[in-house]
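Shown here: model00.tsv, TSV, C-alpha atoms.
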```
chain	number	residue	atom	x	y	z
A	1	MET	CA	81.26	36.47	-23.57
A	2	PRO	CA	82.33	36.71	-19.90
A	3	SER	CA	84.33	33.84	-18.46
A	4	PHE	CA	83.01	31.62	-15.69
A	5	PHE	CA	84.95	33.56	-13.05
A	6	GLU	CA	83.47	36.86	-14.28
A	7	THR	CA	79.91	35.61	-13.66
A	8	SER	CA	78.00	37.84	-11.25
A	9	ILE	CA	77.35	36.38	-7.80
A	10	GLU	CA	73.66	37.26	-8.19
A	11	PHE	CA	73.30	34.06	-10.23
A	12	LEU	CA	74.27	31.88	-7.27
A	13	LYS	CA	71.39	29.94	-5.74
A	14	GLY	CA	69.92	31.90	-2.83
A	15	VAL	CA	71.66	35.20	-3.67
A	16	GLY	CA	69.79	37.20	-6.31
A	17	PRO	CA	70.14	40.89	-7.28
A	18	GLN	CA	69.36	42.50	-3.90
A	19	LYS	CA	71.75	40.40	-1.80
A	20	ALA	CA	74.37	40.63	-4.53
A	21	ALA	CA	74.18	44.45	-4.51
A	22	LEU	CA	74.67	44.50	-0.72
A	23	ILE	CA	77.64	42.12	-0.93
A	24	ASN	CA	79.10	44.25	-3.75
A	25	LYS	CA	78.91	47.33	-1.53
A	26	GLU	CA	80.00	45.82	1.78
A	27	LEU	CA	82.75	43.42	0.65
A	28	GLY	CA	83.65	44.47	-2.89
A	29	ILE	CA	82.74	41.01	-4.17
A	30	PHE	CA	81.10	41.08	-7.60
A	31	SER	CA	81.99	37.86	-9.40
A	32	TYR	CA	82.63	34.16	-8.83
A	33	GLY	CA	86.33	34.92	-9.06
A	34	ASP	CA	86.09	37.59	-6.37
A	35	LEU	CA	84.20	35.19	-4.11
A	36	ILE	CA	86.72	32.37	-4.48
A	37	GLN	CA	89.50	34.81	-3.56
A	38	HIS	CA	87.64	36.01	-0.44
A	39	TYR	CA	89.83	33.88	1.81
A	40	PRO	CA	89.09	33.12	5.49
A	41	PHE	CA	90.86	35.40	7.97
A	42	ARG	CA	90.95	32.64	10.60
A	43	TYR	CA	89.77	29.10	11.26
A	44	GLU	CA	87.88	27.55	14.17
A	45	ASP	CA	89.33	24.25	15.30
A	46	ARG	CA	86.70	21.55	14.90
A	47	THR	CA	89.28	18.75	14.81
A	48	THR	CA	88.93	17.85	18.50
A	49	PHE	CA	86.16	17.13	21.00
A	50	HIS	CA	86.92	18.23	24.56
A	51	ALA	CA	85.59	16.60	27.72
A	52	ILE	CA	83.83	19.05	30.02
A	53	ASN	CA	86.20	18.33	32.93
A	54	THR	CA	89.20	19.38	30.79
A	55	ILE	CA	88.05	22.89	29.86
A	56	ASP	CA	88.30	26.19	31.71
A	57	GLY	CA	87.51	29.86	31.20
A	58	ASP	CA	90.95	30.67	29.81
A	59	MET	CA	90.53	28.48	26.74
A	60	PRO	CA	89.47	30.02	23.40
A	61	PHE	CA	86.75	28.10	21.55
A	62	VAL	CA	85.98	24.46	22.33
A	63	GLN	CA	83.90	21.72	20.79
A	64	LEU	CA	81.90	19.34	22.97
A	65	LYS	CA	79.39	16.58	22.56
A	66	GLY	CA	76.87	15.68	25.21
A	67	ARG	CA	73.23	15.96	26.22
A	68	ILE	CA	70.94	18.74	27.32
A	69	THR	CA	69.36	17.48	30.53
A	70	ARG	CA	67.39	20.52	31.69
A	71	MET	CA	66.20	23.92	30.46
A	72	GLU	CA	64.70	26.89	32.26
A	73	THR	CA	64.04	30.59	31.70
A	74	ILE	CA	65.36	32.81	34.51
A	75	GLY	CA	64.79	36.48	35.31
A	76	GLU	CA	62.59	39.17	33.81
A	77	GLY	CA	63.01	42.00	31.33
A	78	ARG	CA	66.59	42.71	30.36
A	79	LYS	CA	67.85	40.15	32.87
A	80	LYS	CA	65.84	37.37	31.29
A	81	ARG	CA	67.92	34.44	30.05
A	82	LEU	CA	67.52	30.86	28.91
A	83	VAL	CA	69.77	28.39	30.75
A	84	ALA	CA	70.29	24.79	29.65
A	85	ARG	CA	72.28	22.21	31.55
A	86	PHE	CA	74.65	20.36	29.22
A	87	SER	CA	76.35	17.16	30.39
A	88	ASP	CA	78.79	14.51	29.24
A	89	SER	CA	80.30	11.57	31.10
A	90	THR	CA	82.83	13.83	32.87
A	91	GLY	CA	80.69	16.70	34.14
A	92	ASP	CA	78.30	19.46	33.19
A	93	LEU	CA	78.12	23.18	32.36
A	94	GLU	CA	75.51	25.80	31.52
A	95	LEU	CA	74.57	26.98	28.05
A	96	ILE	CA	73.13	30.50	28.22
A	97	TRP	CA	71.14	32.68	25.82
A	98	PHE	CA	70.31	36.33	26.49
A	99	LYS	CA	68.83	36.99	23.04
A	100	GLY	CA	66.50	35.10	20.74
A	101	ILE	CA	65.10	33.15	23.69
A	102	PRO	CA	61.70	32.27	22.12
A	103	TRP	CA	63.36	30.98	18.94
A	104	VAL	CA	66.04	28.98	20.79
A	105	SER	CA	63.45	27.51	23.21
A	106	LYS	CA	61.50	26.06	20.30
A	107	LYS	CA	64.61	24.45	18.82
A	108	LEU	CA	66.16	22.92	21.97
A	109	ARG	CA	65.08	19.56	23.36
A	110	SER	CA	65.93	18.03	26.72
A	111	GLY	CA	67.27	14.49	26.52
A	112	VAL	CA	68.77	15.08	23.07
A	113	ASP	CA	72.49	14.77	22.27
A	114	TYR	CA	74.15	17.80	20.69
A	115	VAL	CA	77.49	19.03	19.35
A	116	VAL	CA	78.29	22.35	21.04
A	117	PHE	CA	80.86	24.92	19.97
A	118	GLY	CA	81.64	28.14	21.82
A	119	LYS	CA	83.83	30.16	24.18
A	120	PRO	CA	83.87	28.83	27.77
A	121	ALA	CA	83.70	31.25	30.67
A	122	VAL	CA	83.37	31.05	34.45
A	123	PHE	CA	80.76	33.03	36.35
A	124	GLY	CA	80.15	32.46	40.05
A	125	ARG	CA	82.28	29.30	39.99
A	126	LYS	CA	80.04	27.87	37.28
A	127	LEU	CA	81.38	26.99	33.85
A	128	ASN	CA	79.22	28.25	30.99
A	129	ILE	CA	79.10	29.00	27.27
A	130	ALA	CA	77.00	31.94	26.13
A	131	HIS	CA	75.17	31.76	22.79
A	132	PRO	CA	76.87	28.55	21.63
A	133	GLU	CA	76.54	27.00	18.21
A	134	LEU	CA	74.55	23.77	18.42
A	135	GLU	CA	73.84	20.87	16.11
A	136	VAL	CA	72.01	17.67	16.91
A	137	LEU	CA	74.59	14.89	17.21
A	138	THR	CA	74.54	12.63	14.13
A	139	THR	CA	76.74	9.95	12.63
A	140	GLN	CA	78.13	12.62	10.28
A	141	ASN	CA	79.30	15.07	12.97
A	142	ALA	CA	80.08	12.59	15.75
A	143	ASN	CA	83.71	12.40	14.65
A	144	ALA	CA	85.56	15.72	14.68
A	145	GLY	CA	87.86	16.40	11.79
A	146	PHE	CA	87.86	19.80	10.08
A	147	LEU	CA	88.75	23.45	10.44
A	148	GLN	CA	85.79	25.83	10.15
A	149	PRO	CA	86.63	28.87	7.96
A	150	VAL	CA	85.65	32.29	9.29
A	151	TYR	CA	85.07	35.07	6.73
A	152	HIS	CA	84.85	38.82	7.02
A	153	SER	CA	81.27	40.06	6.91
A	154	SER	CA	79.65	43.29	8.18
A	155	GLU	CA	76.82	44.36	10.46
A	156	LYS	CA	74.64	45.23	7.46
A	157	LEU	CA	75.28	41.82	5.91
A	158	LYS	CA	74.63	40.02	9.18
A	159	SER	CA	71.31	41.85	9.55
A	160	LYS	CA	70.33	40.20	6.25
A	161	PHE	CA	71.60	36.80	7.49
A	162	ILE	CA	74.73	36.98	5.33
A	163	ASP	CA	77.23	36.01	8.01
A	164	SER	CA	80.41	33.95	7.82
A	165	LYS	CA	78.47	30.68	7.52
A	166	ALA	CA	76.33	32.04	4.69
A	167	ILE	CA	79.45	33.22	2.85
A	168	SER	CA	81.01	29.79	3.44
A	169	LYS	CA	78.00	28.12	1.78
A	170	MET	CA	78.26	30.47	-1.19
A	171	ILE	CA	81.97	29.72	-1.64
A	172	ARG	CA	81.41	25.98	-1.37
A	173	GLN	CA	78.75	26.26	-4.06
A	174	VAL	CA	81.07	28.21	-6.38
A	175	LEU	CA	83.96	25.82	-5.86
A	176	LEU	CA	81.80	22.89	-6.93
A	177	LEU	CA	80.77	24.75	-10.06
A	178	ALA	CA	84.33	25.96	-10.72
A	179	GLU	CA	86.10	22.62	-10.61
A	180	GLU	CA	86.21	22.13	-14.39
A	181	HIS	CA	87.12	25.78	-15.00
A	182	ILE	CA	90.16	26.08	-12.74
A	183	ARG	CA	93.36	26.01	-14.79
A	184	GLU	CA	96.86	25.31	-13.54
A	185	THR	CA	98.93	28.51	-13.60
A	186	LEU	CA	102.38	27.10	-12.83
A	187	ALA	CA	104.61	24.91	-14.95
A	188	PRO	CA	104.86	21.21	-13.98
A	189	HIS	CA	108.58	21.50	-13.25
A	190	LEU	CA	107.95	24.29	-10.71
A	191	ILE	CA	105.22	22.28	-9.00
A	192	GLU	CA	107.54	19.28	-8.74
A	193	GLN	CA	110.65	21.26	-7.76
A	194	PHE	CA	108.97	23.14	-4.91
A	195	GLY	CA	106.60	20.38	-3.78
A	196	LEU	CA	103.45	22.37	-4.53
A	197	ILE	CA	99.90	21.08	-4.59
A	198	SER	CA	97.69	21.84	-7.59
A	199	LYS	CA	95.77	25.10	-7.98
A	200	THR	CA	92.47	23.24	-7.62
A	201	LEU	CA	93.50	21.59	-4.36
A	202	ALA	CA	94.97	24.84	-3.05
A	203	LEU	CA	91.69	26.71	-3.56
A	204	HIS	CA	89.71	23.92	-1.94
A	205	HIS	CA	91.99	23.54	1.09
A	206	ILE	CA	92.39	27.28	1.71
A	207	HIS	CA	88.64	27.43	2.25
A	208	PHE	CA	87.80	23.99	3.63
A	209	PRO	CA	90.90	22.29	5.10
A	210	SER	CA	90.31	19.07	7.00
A	211	ASN	CA	93.54	19.59	8.98
A	212	THR	CA	96.33	22.12	9.56
A	213	GLU	CA	98.78	20.28	7.29
A	214	LEU	CA	96.52	20.69	4.25
A	215	LEU	CA	95.90	24.32	5.19
A	216	LYS	CA	99.65	25.01	5.29
A	217	LYS	CA	100.12	23.37	1.88
A	218	ALA	CA	97.34	25.52	0.42
A	219	GLN	CA	98.79	28.71	1.93
A	220	TYR	CA	102.28	27.84	0.68
A	221	ARG	CA	101.04	27.18	-2.86
A	222	LEU	CA	99.00	30.39	-3.09
A	223	LYS	CA	101.75	32.57	-1.55
A	224	PHE	CA	104.36	31.03	-3.86
A	225	GLU	CA	102.16	31.72	-6.89
A	226	GLU	CA	101.53	35.33	-5.86
A	227	LEU	CA	105.24	36.07	-5.29
A	228	PHE	CA	106.25	34.21	-8.47
A	229	PHE	CA	104.03	36.35	-10.70
A	230	ILE	CA	105.07	39.55	-8.93
A	231	GLN	CA	108.73	38.73	-9.60
A	232	LEU	CA	107.92	37.74	-13.19
A	233	LYS	CA	106.19	41.06	-13.75
A	234	LEU	CA	109.14	42.98	-12.29
A	235	LEU	CA	111.59	41.08	-14.50
A	236	THR	CA	109.43	41.76	-17.56
A	237	LEU	CA	109.40	45.49	-16.77
A	238	LYS	CA	113.18	45.46	-16.25
A	239	VAL	CA	113.78	43.77	-19.60
A	240	SER	CA	111.44	46.14	-21.44
A	241	ARG	CA	113.31	49.15	-20.03
A	242	THR	CA	116.70	47.88	-21.17
A	243	GLU	CA	115.64	47.17	-24.73
```
Rendering of file as structure tokens:
Amino acid sequence: MPSFFETSIEFLKGVGPQKAALINKELGIFSYGDLIQHYPFRYEDRTTFHAINTIDGDMPFVQLKGRITRMETIGEGRKKRLVARFSDSTGDLELIWFKGIPWVSKKLRSGVDYVVFGKPAVFGRKLNIAHPELEVLTTQNANAGFLQPVYHSSEKLKSKFIDSKAISKMIRQVLLLAEEHIRETLAPHLIEQFGLISKTLALHHIHFPSNTELLKKAQYRLKFEELFFIQLKLLTLKVSRTE
């Protein structure tokens, strides 16, 4: 009987055989164990909200909260774009969409407060963010405080709506199911001696760290474990050759 971690990802809610086959081919992920070990390659900082008057076009990604005060569609054909004015108490900028305009237009509402995340740029002296991520501001997301994992995907996967966020949801689902199946792999004295967090916490915080300190602890634990078992294997081979 296969173990929990050998279970095929097709049995995850919302995956199924077709999506699973595509993920198998594109990412080499077949089982729950493979999915849990598909670690993020970077993290987006969602721990801070920036004021509009503190950002500029040289910054990477920023998170803002404010209100959409106006929307309009400008241009025709390939030059057509949706422009929304986004404001907070310190200033305003433009949110711009060049693609998916009909869909975005139906979702956006003037006079509604949003959380915005994206890369700021300056065009014609105007500050803007193209194709930002938006969520309606709620009591749950009003206070920043986490690092958003970003996972490798592919163009084929993205065309089937299996992007980094979709993979993140899959991993979160597996981690919840896996909690009772994760076993500690290091001896208690090693964990105490080297100040390591548990295997369960390490797997959780490598995927969904609420701050950089917890992320570093998770990375340290997993790297220590990997190197420890590599050295153990080398020592075992050395001993077997001398017998």
Self-check item: Who sits within 6 Å of segment 41-57 of chain A, only C-alpha atoms, same chain under 6 positions skipped, as a PyMOL selection string
Solution: chain A and resi 63-64+90-91+120-122+144-151
Quiz item: Leaving out Ile206 of chain A and any residue of its chain fewer than 4 positions from it, which residues lie within 6 Å of it when counting only C-alpha atoms, given as a VMD selection string?
Solution: chain A and resid 202 215 218
Self-check item: Minimum-distance residue to Gly75 of chain A, chosen among A:Phe98, A:Ile191, A:Met170, A:Ile182 (using only C-alpha atoms)
Solution: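 Nearest candidate to Gly75 of chain A out of A:Phe98, A:Ile191, A:Met170, A:Ile182: A:Phe98.
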Quiz item: So what do you get for atom CA of Val104 of chain A versus atom CA of Lys79 of chain A, distance-wise?
Solution: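 Atom-to-atom, atom CA of Val104 of chain A to atom CA of Lys79 of chain A, that is 16.6 Å.
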Could you work out an axis-aligned box for segment 124-130 of chain A, taking every atom the file lists and adding 8 Å on each side, and report centre and edge lengths in Å to one decimal, as JSON?
```
{"center_x": 79.6, "center_y": 29.7, "center_z": 33.1, "size_x": 21.3, "size_y": 21.5, "size_z": 29.9}
```
Exercise. Kindly indicate which residue among A:Asp88, A:Asp34, A:Asp113, A:Glu180 lies nearest to Val136 of chain A, using all atoms listed in the file for the distances.
Key: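 The closest residue to Val136 of chain A is A:Asp113.
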Self-check item: Lys13 of chain A surroundings by only C-alpha atoms, 12 Å radius, close-in-sequence under 3 positions cut, as a count of residues only
Solution: 15
Self-check item: Proximity to Leu186 of chain A - best of A:Tyr39, A:Phe5, A:Phe229, A:Phe30, only C-alpha atoms
Solution: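 Ranking A:Tyr39, A:Phe5, A:Phe229, A:Phe30 by distance to Leu186 of chain A, first place goes to A:Phe229.
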Self-check item: Cut-off 9 Å around (100.2, 22.5, -2.1) with only C-alpha atoms: residues as a list in words
Solution: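 It turns out the residues near that spot are Ile191, Gly195, Leu196, Ile197, Ser198, Lys199, Leu201, Ala202, His205, Leu214, Leu215, Lys216, Lys217, Ala218, Gln219, Tyr220, Arg221 and Leu222 of chain A.
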Exercise. Calculate how many Å separate atom CA of Leu127 of chain A from atom CA of Glu72 of chain A, rounding to one decimal.
Key: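 Separating atom CA of Leu127 of chain A from atom CA of Glu72 of chain A is a distance of 16.8 Å.
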Quiz prompt | Atomic distance atom CA of Arg67 of chain A - atom CA of Gly111 of chain A, expressed in Å with one decimal | solution = 6.1 Å
Quiz prompt | Ref. answer, residues at most 10 Å from (77.3, 49.2, 6.5) with all atoms listed in the file, as a ChimeraX atom specification | solution = /A:22,25-27,153-159
Export of prior selection with C-alpha atoms as a tab-separated table (two decimals), keeping the file's coordinate frame:
```
chain	number	residue	atom	x	y	z
A	22	LEU	CA	74.67	44.50	-0.72
A	25	LYS	CA	78.91	47.33	-1.53
A	26	GLU	CA	80.00	45.82	1.78
A	27	LEU	CA	82.75	43.42	0.65
A	153	SER	CA	81.27	40.06	6.91
A	154	SER	CA	79.65	43.29	8.18
A	155	GLU	CA	76.82	44.36	10.46
A	156	LYS	CA	74.64	45.23	7.46
A	157	LEU	CA	75.28	41.82	5.91
A	158	LYS	CA	74.63	40.02	9.18
A	159	SER	CA	71.31	41.85	9.55
```
Exercise. Select, from A:Leu134, A:Glu94, A:Gly66, A:Gln140, the residue with the minimum atom-to-atom distance to Lys107 of chain A, counting all atoms listed in the file.
Key: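 Among A:Leu134, A:Glu94, A:Gly66, A:Gln140, it is A:Leu134 that comes nearest to Lys107 of chain A.
Closest to Tyr32 of chain A among A:Ser240, A:Glu184, A:Thr69, A:Ala178 is A:Ala178, based on all atoms listed in the file.
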